[in-house]
Every structure is written in structure tokens, then in C-alpha cells.
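Enquirer: So I've got this file, query27.tsv, and it contains TSV, C-alpha atoms and all ligand atoms:
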chain	number	residue	atom	x	y	z
U	609	MET	CA	-80.77	-48.09	-47.51
U	610	ARG	CA	-77.74	-45.90	-48.10
U	611	LEU	CA	-79.48	-42.94	-49.81
U	612	LYS	CA	-82.88	-42.95	-48.14
U	613	ASP	CA	-84.94	-39.87	-49.20
U	614	LYS	CA	-81.94	-38.16	-50.83
U	615	VAL	CA	-82.58	-36.39	-54.12
U	616	ALA	CA	-80.00	-37.07	-56.83
U	617	ILE	CA	-79.53	-35.59	-60.28
U	618	ILE	CA	-77.59	-37.89	-62.60
U	619	THR	CA	-76.70	-36.43	-66.00
U	620	GLY	CA	-76.34	-38.74	-68.97
U	621	ALA	CA	-78.64	-41.21	-67.20
U	622	ALA	CA	-80.53	-42.43	-70.27
U	623	ASN	CA	-77.80	-44.97	-71.04
U	624	GLY	CA	-74.75	-46.82	-69.86
U	625	ILE	CA	-73.09	-45.87	-66.59
U	626	GLY	CA	-75.61	-43.13	-65.76
U	627	LEU	CA	-78.56	-45.47	-66.13
U	628	ALA	CA	-76.89	-48.11	-63.96
U	629	ALA	CA	-76.24	-45.42	-61.36
U	630	ALA	CA	-79.87	-44.27	-61.48
U	631	GLU	CA	-81.00	-47.81	-60.69
U	632	VAL	CA	-78.44	-48.34	-57.91
U	633	PHE	CA	-79.30	-44.97	-56.31
U	634	ALA	CA	-83.06	-45.62	-56.54
U	635	ARG	CA	-82.61	-49.10	-55.04
U	636	GLU	CA	-80.83	-47.41	-52.11
U	637	GLY	CA	-83.83	-45.16	-51.49
U	638	ALA	CA	-82.96	-42.02	-53.48
U	639	LYS	CA	-85.37	-40.01	-55.58
U	640	VAL	CA	-83.55	-39.84	-58.89
U	641	ALA	CA	-83.72	-37.18	-61.62
U	642	LEU	CA	-82.48	-38.81	-64.81
U	643	ALA	CA	-81.19	-35.87	-66.88
U	644	ASP	CA	-80.21	-36.50	-70.48
U	645	PHE	CA	-80.09	-34.95	-73.93
U	646	ASN	CA	-81.72	-38.00	-75.51
U	647	GLU	CA	-85.39	-37.57	-74.67
U	648	GLN	CA	-86.74	-40.76	-76.22
U	649	GLN	CA	-84.16	-43.03	-74.60
U	650	GLY	CA	-84.41	-41.08	-71.35
U	651	ILE	CA	-88.18	-41.56	-71.08
U	652	GLU	CA	-87.86	-45.27	-71.96
U	653	SER	CA	-85.15	-45.84	-69.34
U	654	THR	CA	-87.08	-43.86	-66.71
U	655	ASN	CA	-90.24	-45.86	-67.39
U	656	LEU	CA	-88.33	-49.12	-66.91
U	657	LEU	CA	-87.21	-47.90	-63.48
U	658	LYS	CA	-90.72	-46.69	-62.61
U	659	GLU	CA	-92.06	-50.16	-63.48
U	660	LYS	CA	-89.69	-51.53	-60.83
U	661	GLY	CA	-91.36	-49.22	-58.30
U	662	TYR	CA	-88.64	-46.57	-58.05
U	663	ASP	CA	-89.24	-42.85	-57.45
U	664	VAL	CA	-87.63	-41.42	-60.58
U	665	ALA	CA	-88.36	-38.75	-63.20
U	666	PHE	CA	-86.85	-37.76	-66.53
U	667	PHE	CA	-85.62	-34.25	-67.34
U	668	GLN	CA	-84.43	-33.34	-70.84
U	669	VAL	CA	-81.24	-31.27	-70.76
U	670	ASN	CA	-78.30	-30.24	-72.87
U	671	VAL	CA	-75.53	-29.86	-70.28
U	672	ALA	CA	-73.56	-27.75	-72.76
U	673	GLU	CA	-76.17	-24.97	-72.60
U	674	ARG	CA	-76.56	-22.87	-69.47
U	675	GLU	CA	-80.24	-22.02	-70.01
U	676	SER	CA	-81.13	-25.67	-70.50
U	677	VAL	CA	-79.24	-26.63	-67.33
U	678	ASN	CA	-80.87	-23.85	-65.29
U	679	SER	CA	-84.33	-24.91	-66.34
U	680	MET	CA	-83.57	-28.60	-65.63
U	681	VAL	CA	-82.35	-27.76	-62.13
U	682	SER	CA	-85.37	-25.59	-61.37
U	683	ASP	CA	-87.70	-28.35	-62.67
U	684	VAL	CA	-85.97	-30.89	-60.41
U	685	LEU	CA	-86.38	-28.56	-57.42
U	686	GLU	CA	-90.04	-28.12	-58.26
U	687	THR	CA	-90.56	-31.90	-58.55
U	688	PHE	CA	-88.48	-33.19	-55.64
U	689	GLY	CA	-88.02	-30.10	-53.41
U	690	ARG	CA	-84.25	-30.33	-52.83
U	691	ILE	CA	-80.98	-31.54	-54.39
U	692	ASP	CA	-78.60	-33.60	-52.25
U	693	ILE	CA	-76.45	-35.22	-54.90
U	694	LEU	CA	-75.22	-34.23	-58.36
U	695	VAL	CA	-73.49	-36.78	-60.56
U	696	ASN	CA	-71.86	-35.04	-63.53
U	697	ASN	CA	-71.82	-38.17	-65.68
U	698	ALA	CA	-72.88	-37.00	-69.17
U	699	GLY	CA	-70.05	-37.22	-71.67
U	700	ILE	CA	-69.20	-37.75	-75.33
U	701	THR	CA	-66.20	-38.74	-77.44
U	702	LYS	CA	-65.13	-37.48	-80.84
U	703	ASP	CA	-61.87	-39.34	-81.27
U	704	GLY	CA	-59.21	-38.48	-83.82
U	705	MET	CA	-55.43	-38.32	-84.08
U	706	LEU	CA	-54.05	-34.84	-83.36
U	707	SER	CA	-52.99	-34.51	-87.02
U	708	LYS	CA	-56.62	-34.92	-88.15
U	709	LEU	CA	-58.74	-33.61	-85.27
U	710	SER	CA	-61.03	-30.76	-86.38
U	711	VAL	CA	-61.46	-27.61	-84.33
U	712	GLU	CA	-65.22	-28.37	-84.26
U	713	ASP	CA	-64.70	-31.83	-82.76
U	714	PHE	CA	-62.24	-30.43	-80.23
U	715	GLN	CA	-64.75	-27.77	-79.15
U	716	LYS	CA	-67.83	-30.05	-79.04
U	717	VAL	CA	-66.18	-32.35	-76.54
U	718	ILE	CA	-65.03	-29.42	-74.41
U	719	ASP	CA	-68.57	-27.98	-74.44
U	720	VAL	CA	-70.21	-31.15	-73.13
U	721	ASN	CA	-67.57	-32.82	-70.95
U	722	LEU	CA	-65.96	-29.78	-69.36
U	723	THR	CA	-68.26	-26.75	-69.68
U	724	GLY	CA	-71.24	-29.05	-69.00
U	725	VAL	CA	-69.76	-30.05	-65.64
U	726	PHE	CA	-69.20	-26.37	-64.80
U	727	HIS	CA	-72.79	-25.43	-65.77
U	728	CYS	CA	-74.45	-28.23	-63.77
U	729	THR	CA	-72.34	-27.74	-60.67
U	730	GLN	CA	-72.83	-23.97	-60.64
U	731	ALA	CA	-76.58	-24.44	-61.15
U	732	VAL	CA	-77.09	-26.79	-58.15
U	733	LEU	CA	-74.81	-24.79	-55.87
U	734	PRO	CA	-77.39	-22.35	-54.39
U	735	ALA	CA	-79.65	-25.24	-53.30
U	736	MET	CA	-76.77	-27.17	-51.73
U	737	VAL	CA	-75.33	-24.11	-49.99
U	738	GLU	CA	-78.74	-23.28	-48.54
U	739	GLN	CA	-79.08	-26.85	-47.26
U	740	GLY	CA	-75.52	-26.68	-45.87
U	741	LYS	CA	-74.93	-30.13	-47.33
U	742	GLY	CA	-74.32	-31.82	-50.65
U	743	LYS	CA	-72.33	-34.33	-52.65
U	744	ILE	CA	-70.91	-33.56	-56.08
U	745	ILE	CA	-69.39	-36.35	-58.11
U	746	SER	CA	-67.92	-35.84	-61.58
U	747	THR	CA	-66.78	-38.43	-64.07
U	748	SER	CA	-63.20	-38.26	-65.21
U	749	SER	CA	-61.45	-41.12	-67.04
U	750	VAL	CA	-58.29	-43.14	-67.27
U	751	SER	CA	-57.73	-41.09	-70.45
U	752	GLY	CA	-57.70	-37.86	-68.44
U	753	VAL	CA	-55.16	-39.20	-65.98
U	754	TYR	CA	-52.74	-40.93	-68.36
U	755	GLY	CA	-53.71	-39.65	-71.85
U	756	ASN	CA	-54.88	-41.92	-74.69
U	757	VAL	CA	-54.02	-42.16	-78.38
U	758	GLY	CA	-56.72	-40.39	-80.44
U	759	GLN	CA	-58.24	-38.50	-77.50
U	760	THR	CA	-56.68	-35.01	-77.38
U	761	ASN	CA	-60.07	-33.37	-76.78
U	762	TYR	CA	-61.51	-36.00	-74.45
U	763	ALA	CA	-58.37	-36.39	-72.33
U	764	ALA	CA	-58.19	-32.61	-71.93
U	765	THR	CA	-61.75	-32.51	-70.60
U	766	LYS	CA	-61.28	-35.43	-68.26
U	767	ALA	CA	-58.06	-33.94	-66.86
U	768	GLY	CA	-59.95	-30.64	-66.54
U	769	VAL	CA	-62.65	-32.37	-64.50
U	770	ILE	CA	-59.97	-33.38	-61.99
U	771	GLY	CA	-58.71	-29.79	-61.74
U	772	MET	CA	-62.23	-28.45	-61.18
U	773	THR	CA	-62.97	-31.19	-58.64
U	774	LYS	CA	-59.95	-30.33	-56.52
U	775	THR	CA	-60.68	-26.60	-56.76
U	776	TRP	CA	-64.33	-27.04	-55.75
U	777	ALA	CA	-63.35	-29.41	-52.92
U	778	LYS	CA	-61.27	-26.54	-51.51
U	779	GLU	CA	-63.91	-23.87	-52.15
U	780	LEU	CA	-66.99	-25.77	-50.98
U	781	GLY	CA	-65.75	-28.00	-48.14
U	782	ARG	CA	-66.64	-25.46	-45.46
U	783	LYS	CA	-70.14	-25.20	-46.89
U	784	GLY	CA	-70.72	-28.90	-46.13
U	785	ILE	CA	-70.33	-29.99	-49.74
U	786	ASN	CA	-68.04	-32.90	-50.66
U	787	VAL	CA	-66.65	-32.83	-54.19
U	788	ASN	CA	-64.99	-35.88	-55.71
U	789	ALA	CA	-64.34	-37.53	-59.07
U	790	VAL	CA	-64.40	-41.08	-60.36
U	791	ALA	CA	-61.93	-42.08	-63.08
U	792	PRO	CA	-63.25	-45.20	-64.82
U	793	GLY	CA	-61.16	-47.45	-67.03
U	794	PHE	CA	-62.71	-49.00	-70.14
U	795	ILE	CA	-66.33	-49.85	-69.37
U	796	GLU	CA	-68.74	-51.81	-71.58
U	797	THR	CA	-71.24	-49.17	-72.80
U	798	GLY	CA	-72.29	-47.52	-76.06
U	799	MET	CA	-69.23	-45.31	-75.75
U	800	THR	CA	-66.71	-48.16	-75.93
U	801	ALA	CA	-68.83	-50.03	-78.50
U	802	LYS	CA	-67.47	-47.49	-81.04
U	803	VAL	CA	-63.82	-48.41	-80.30
U	804	PRO	CA	-62.20	-50.81	-82.80
U	805	ASP	CA	-62.11	-54.39	-81.37
U	806	LYS	CA	-58.34	-54.53	-81.79
U	807	ILE	CA	-57.88	-51.60	-79.42
U	808	LEU	CA	-60.41	-52.86	-76.88
U	809	ASP	CA	-58.60	-56.23	-76.82
U	810	GLN	CA	-55.32	-54.38	-76.19
U	811	MET	CA	-56.93	-52.50	-73.29
U	812	LYS	CA	-58.37	-55.69	-71.82
U	813	MET	CA	-54.92	-57.30	-71.91
U	814	MET	CA	-53.64	-54.42	-69.79
U	815	VAL	CA	-56.19	-54.98	-67.02
U	816	PRO	CA	-54.87	-57.24	-64.25
U	817	LEU	CA	-58.46	-58.29	-63.48
U	818	GLY	CA	-58.65	-59.60	-67.06
U	819	ARG	CA	-61.90	-57.93	-68.07
U	820	LEU	CA	-63.38	-54.61	-69.07
U	821	GLY	CA	-65.57	-52.89	-66.49
U	822	ILE	CA	-69.36	-53.01	-66.44
U	823	PRO	CA	-71.57	-49.95	-65.70
U	824	GLU	CA	-72.41	-51.25	-62.20
U	825	ASP	CA	-68.68	-51.15	-61.29
U	826	ILE	CA	-68.80	-47.37	-61.69
U	827	ALA	CA	-72.32	-46.96	-60.29
U	828	ASN	CA	-71.11	-48.56	-57.03
U	829	ALA	CA	-68.25	-46.05	-56.81
U	830	TYR	CA	-70.71	-43.18	-57.35
U	831	LEU	CA	-72.87	-44.71	-54.61
U	832	PHE	CA	-70.01	-44.72	-52.12
U	833	LEU	CA	-69.19	-41.07	-52.87
U	834	ALA	CA	-72.88	-40.09	-52.68
U	835	SER	CA	-73.49	-41.87	-49.37
U	836	GLU	CA	-72.73	-40.87	-45.79
U	837	GLU	CA	-69.94	-43.48	-45.79
U	838	SER	CA	-67.73	-41.04	-47.68
U	839	ASN	CA	-68.34	-37.99	-45.47
U	840	TYR	CA	-64.59	-37.49	-44.90
U	841	VAL	CA	-63.63	-38.07	-48.54
U	842	ASN	CA	-63.13	-34.77	-50.38
U	843	GLY	CA	-61.15	-33.74	-53.47
U	844	THR	CA	-60.22	-37.29	-54.34
U	845	VAL	CA	-60.14	-39.12	-57.66
U	846	LEU	CA	-61.37	-42.67	-57.21
U	847	HIS	CA	-59.79	-44.87	-59.87
U	848	VAL	CA	-62.15	-47.67	-60.89
U	849	ASP	CA	-60.24	-49.28	-63.73
U	850	GLY	CA	-59.32	-52.81	-62.69
U	851	GLY	CA	-55.75	-51.60	-62.23
U	852	ILE	CA	-55.24	-50.89	-65.97
U	853	MET	CA	-52.48	-48.37	-65.13
U	854	MET	CA	-50.37	-48.49	-61.99
A	901	LIG	N1	-51.60	-47.18	-79.15
A	901	LIG	C1	-50.59	-46.99	-79.98
A	901	LIG	N2	-50.75	-46.68	-81.26
A	901	LIG	C2	-51.99	-46.55	-81.74
A	901	LIG	C3	-53.10	-46.73	-80.92
A	901	LIG	C4	-52.87	-47.05	-79.58
A	901	LIG	N3	-53.88	-47.20	-78.69
A	901	LIG	N4	-54.22	-46.51	-81.65
A	901	LIG	C5	-53.81	-46.23	-82.89
A	901	LIG	N5	-52.47	-46.26	-82.95
A	901	LIG	C6	-51.63	-46.02	-84.14
A	901	LIG	C7	-52.05	-46.94	-85.27
A	901	LIG	O1	-51.43	-48.20	-85.14
A	901	LIG	C8	-51.58	-46.19	-86.47
A	901	LIG	O2	-50.18	-46.33	-86.60
A	901	LIG	P1	-49.48	-46.30	-88.07
A	901	LIG	O3	-49.78	-44.96	-88.63
A	901	LIG	O4	-48.05	-46.53	-87.75
A	901	LIG	O5	-50.14	-47.42	-88.80
A	901	LIG	C9	-51.82	-44.73	-86.07
A	901	LIG	O6	-51.87	-44.73	-84.63
A	901	LIG	C10	-53.10	-44.18	-86.63
A	901	LIG	O7	-54.19	-45.01	-86.22
A	901	LIG	P2	-55.47	-45.29	-87.13
A	901	LIG	O8	-55.02	-45.90	-88.43
A	901	LIG	O9	-56.47	-46.05	-86.34
A	901	LIG	O10	-55.94	-43.81	-87.44
A	901	LIG	P3	-57.37	-43.31	-87.81
A	901	LIG	O11	-57.23	-41.87	-88.12
A	901	LIG	O12	-58.05	-44.20	-88.78
A	901	LIG	O13	-58.23	-43.46	-86.46
A	901	LIG	C11	-58.74	-43.14	-84.17
A	901	LIG	C12	-57.80	-42.80	-85.30
A	901	LIG	C13	-60.15	-42.61	-84.50
A	901	LIG	C14	-58.22	-42.41	-82.95
A	901	LIG	C15	-58.81	-44.66	-83.97
A	901	LIG	O14	-57.50	-45.16	-83.84
A	901	LIG	C16	-59.57	-45.02	-82.70
A	901	LIG	O15	-60.81	-45.04	-82.69
A	901	LIG	N6	-58.84	-45.31	-81.64
A	901	LIG	C17	-59.45	-45.60	-80.35
A	901	LIG	C18	-59.35	-44.40	-79.45
A	901	LIG	C19	-59.80	-44.80	-78.08
A	901	LIG	O16	-59.15	-45.59	-77.39
A	901	LIG	N7	-60.94	-44.23	-77.64
A	901	LIG	C20	-61.50	-44.58	-76.37
A	901	LIG	C21	-63.02	-44.39	-76.48
A	901	LIG	S1	-63.87	-45.01	-75.02
A	901	LIG	C22	-63.63	-43.76	-73.95
A	901	LIG	O17	-63.20	-42.70	-74.25
A	901	LIG	C23	-63.99	-44.05	-72.51
A	901	LIG	C24	-62.84	-43.76	-71.67
A	901	LIG	O18	-62.90	-42.78	-70.91
A	901	LIG	C25	-61.69	-44.65	-71.67
A	902	LIG	P1	-72.92	-43.47	-72.93
A	902	LIG	O1	-72.63	-42.93	-74.28
A	902	LIG	O2	-73.46	-44.84	-72.79
A	902	LIG	O3	-73.91	-42.47	-72.16
A	902	LIG	C1	-73.68	-41.10	-72.14
A	902	LIG	C2	-75.01	-40.40	-71.98
A	902	LIG	O4	-74.76	-38.98	-71.95
A	902	LIG	C3	-75.99	-40.66	-73.11
A	902	LIG	O5	-77.25	-41.06	-72.60
A	902	LIG	C4	-76.08	-39.31	-73.83
A	902	LIG	O6	-77.35	-39.08	-74.40
A	902	LIG	C5	-75.79	-38.35	-72.70
A	902	LIG	N1	-75.34	-37.05	-73.20
A	902	LIG	C6	-74.45	-36.82	-74.19
A	902	LIG	N2	-74.34	-35.51	-74.41
A	902	LIG	C7	-75.17	-34.88	-73.54
A	902	LIG	C8	-75.50	-33.54	-73.30
A	902	LIG	N3	-74.96	-32.54	-74.01
A	902	LIG	N4	-76.39	-33.27	-72.32
A	902	LIG	C9	-76.95	-34.25	-71.60
A	902	LIG	N5	-76.70	-35.56	-71.80
A	902	LIG	C10	-75.82	-35.86	-72.76
A	902	LIG	O7	-71.56	-43.30	-72.14
A	902	LIG	P2	-71.02	-43.97	-70.79
A	902	LIG	O8	-69.97	-44.91	-71.16
A	902	LIG	O9	-72.15	-44.40	-69.95
A	902	LIG	O10	-70.29	-42.69	-70.16
A	902	LIG	C11	-70.73	-42.04	-68.98
A	902	LIG	C12	-69.59	-41.18	-68.49
A	902	LIG	O11	-68.49	-42.00	-68.14
A	902	LIG	C13	-69.06	-40.18	-69.51
A	902	LIG	O12	-68.71	-38.98	-68.88
A	902	LIG	C14	-67.82	-40.85	-70.03
A	902	LIG	O13	-66.91	-39.94	-70.55
A	902	LIG	C15	-67.32	-41.51	-68.78
A	902	LIG	N6	-66.41	-42.62	-68.97
A	902	LIG	C16	-66.81	-43.71	-69.70
A	902	LIG	C17	-65.93	-44.76	-69.85
A	902	LIG	C18	-66.27	-45.97	-70.66
A	902	LIG	O14	-65.35	-46.75	-70.91
A	902	LIG	N7	-67.51	-46.19	-71.05
A	902	LIG	C19	-64.59	-44.72	-69.27
A	902	LIG	C20	-64.29	-43.52	-68.54
A	902	LIG	C21	-65.19	-42.51	-68.40
Would you encode the structure as C-alpha cells?

Expert:
Amino acid sequence: MRLKDKVAIITGAANGIGLAAAEVFAREGAKVALADFNEQQGIESTNLLKEKGYDVAFFQVNVAERESVNSMVSDVLETFGRIDILVNNAGITKDGMLSKLSVEDFQKVIDVNLTGVFHCTQAVLPAMVEQGKGKIISTSSVSGVYGNVGQTNYAATKAGVIGMTKTWAKELGRKGINVNAVAPGFIETGMTAKVPDKILDQMKMMVPLGRLGIPEDIANAYLFLASEESNYVNGTVLHVDGGIMM
């Protein structure tokens, strides 16, 4: 088991990539805190994992709000006693062409995808520093690396995640904390289900592997960066996109 007795917080774990990661981490022996805004879906997903015999618990959180994040982190510490791994996976889209994008939709995406990553990372930091060890993984995107039509707000946040990752890798390395990012391509989840078929087909055509990704493709990358196998990997952006852009 690659994460035996480690405690992991995965944000946005009620659905999609985060849920797949929760299952992969639990299968590898981790105690997993599924943290999500969507309480109903979060409890349902957590119960499914519990039925499989995994040591998991659900924590309701809005990553965009500092107080909510602080109370989630202290609840996780109370339940599991430590925090070894944080996966900053929660994210939203509010797509629109620059000419039509509202200030509100720009700001909402910044609040969740960028400020949310800042809040969660800052909140787990004292526990990790005290332990002298930790793994922080944040989710960027192909859109943050190369830009994407209709995603001014989202691309800005996902590029921002890379900047924060590299900064934190430099600041926290000597404290025994590895900080890395994963940049997925187009992955089959609720998020891409909203994209017009015509555009998804275009994206698929661009992938040399000839398919969109599945949540487990990203969960396995998170697993590598959360495990001891990546102990000398720090400040990197792992591209898991089937080679969509090269
Ligand atoms: N490449 C080039 N041109 C594009 C394009 C693309 N990918 N997408 C749209 N356009 C063009 C259209 O052809 C159109 O051109 P004309 O004006 O010459 O006809 C113009 O841009 C406007 O497009 P729409 O008519 O679609 O404009 P709209 O205002 O109705 O909708 C939109 C805009 C909401 C952004 C819509 O195009 C859309 O949903 N696009 C998909 C955006 C996308 O890829 N989102 C990814 C979500 S998944 C995700 O974010 C995960 C991840 O990390 C990758
Ligand atoms: P999803 O929409 O299936 O799941 C996202 C989860 O985040 C949901 O359960 C939602 O309730 C939760 N969430 C949203 N706002 C929240 C908040 N304020 N606080 C706490 N939880 C919140 O999306 P998916 O596809 O699983 O995305 C996971 C991550 O991967 C996101 O950061 C996304 O931007 C990123 N990503 C996704 C890609 C894709 O193609 N699906 C590609 C590249 C990156």
C-alpha cells in the first residue's frame, strides 16, 4: 500500500476527479477526508466508499471562505489526528467570451479556484510544519498552461495555481513539504459535460491518444505525487493530458 496510514484531505471530492482520487487513496491505505461544498452528494459518495470498507469521512466546506476552511481543517485534525496530504482539487468554471464575461463570473471563479487553494494550503500548513513533512498537490489545467477560448477567468486561476505551487515549493521545501501541481487535459466529468459536443470532439481530435481522459487518469497522478515515490519531486507541473498540446 502506497499511502498506508496517511491522512489526506481532498477538496471537491464529492464528484469527478476528486471522488476517483478519494477511492484510489483509500485503496492505498490512506484515511481520506472528502471535503466538498455539496453536502448531499458528498455524504452519498462518502457512504459508497465506506460500504467498500474504506476509512473515509465527509466534511462540508466552501473553499472560497476562510472561516469554513479553518473549521474543516480543525474538524479533520480532530477526526484523524494529523494531515499528511492536501489535494487542492475543488474547482468551477463559468465560461464566457471576454466580450461577454461578467465581473461577477470572473470573480466567482477566482474566489474558488485561486483564493480557495490559498485558503486550504495556508490552513493545513501549521500541522504539516509541526510534523516536518507533507505533500501538497494542486490542480491546474491545460487551460492554465496554454489558454482556452471562453476561459479568461478559469485560465487565469489555473495559471495562478502554477505560480503559487512554484512559490510554495521554494518556501516550504526545507520544512519537508513537497508542493506540486497536476495539469489535466479534458477529462470526462460533470465539468466537461457542460461543454458543447462540437468543442469536445475538437479537443479529442487533438489528443494523440485519441480519447478524453477519465478521472482515474488524474487520480493516479495525484497518487504518485502524494506517495513516497515522489519524495524528490518538488515545484513541478505534471501534465496529464494525453499529449493534447506539445
Ligand atoms: N476555438 C476557436 N474558436 C472558438 C472556439 C474554440 N475552441 N470556441 C468558440 N469559438 C468561436 C466560435 O466559433 C464563434 O466564432 P464566430 O463568432 O466567428 O461564429 C465565437 O468563438 C463565439 O463562440 P460561441 O458562439 O460559442 O459564443 P457563446 O457566447 O455562445 O459561447 C462559450 C461562448 C460559453 C465560451 C462557448 O463557446 C463554450 O462553452 N465554449 C467551451 C469553452 C471550453 O472549452 N470550456 C472548457 C470547460 S472544461 C474545463 O474547463 C476543464 C479544463 O480544465 C480543460
Ligand atoms: P466536478 O465539477 O466533477 O467536481 C468539482 C467538485 O468541486 C464538485 O464536487 C463541487 O461540488 C466541488 N466544489 C465546487 N466549488 C466548491 C467550493 N467552493 N468548495 C468546495 N468544493 C467545491 O469537476 P472535476 O472535473 O472533477 O474537476 C476537479 C478539478 O480538476 C477542478 O479543479 C478542475 O478545474 C480541474 N480540471 C478538470 C478538468 C476536466 O476536464 N474535468 C481538466 C483540468 C482541470

Enquirer: Taking into account all atoms listed in the file, which residue in the set U:Lys783, U:Lys741, U:Arg635, U:Lys612 is nearest to U:Leu694?

Expert: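 Between U:Lys783, U:Lys741, U:Arg635, U:Lys612, the residue approaching U:Leu694 most closely is U:Lys741.
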
Enquirer: So which residues are near ligand LIG 901 (chain A), meaning at most 10 Å away with all atoms listed in the file counted, given back as a ChimeraX atom specification?

Expert: /U:699-709,747-753,755-760,762-763,766,791-808,810-811,849

Enquirer: Kindly indicate which residue among U:Ile822, U:Ala777, U:Val671, U:Val711 lies nearest to ligand LIG 902 (chain A), using only C-alpha atoms and all ligand atoms for the distances.

Expert: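 Looking only at the distances to ligand LIG 902 (chain A), the closest residue turns out to be U:Val671.
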
Enquirer: Could you check how far atom CA of U:His847 sits from atom C12 of ligand LIG 902 (chain A), in Å to one decimal?

Expert: 13.6 Å

Enquirer: For a quick check of understanding, using all atoms listed in the file, which of U:Asn697, U:Asn655, U:Glu675, U:Leu685 has the smallest distance to U:Gly620?

Expert: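 Smallest separation from U:Gly620 among the options: U:Asn697.
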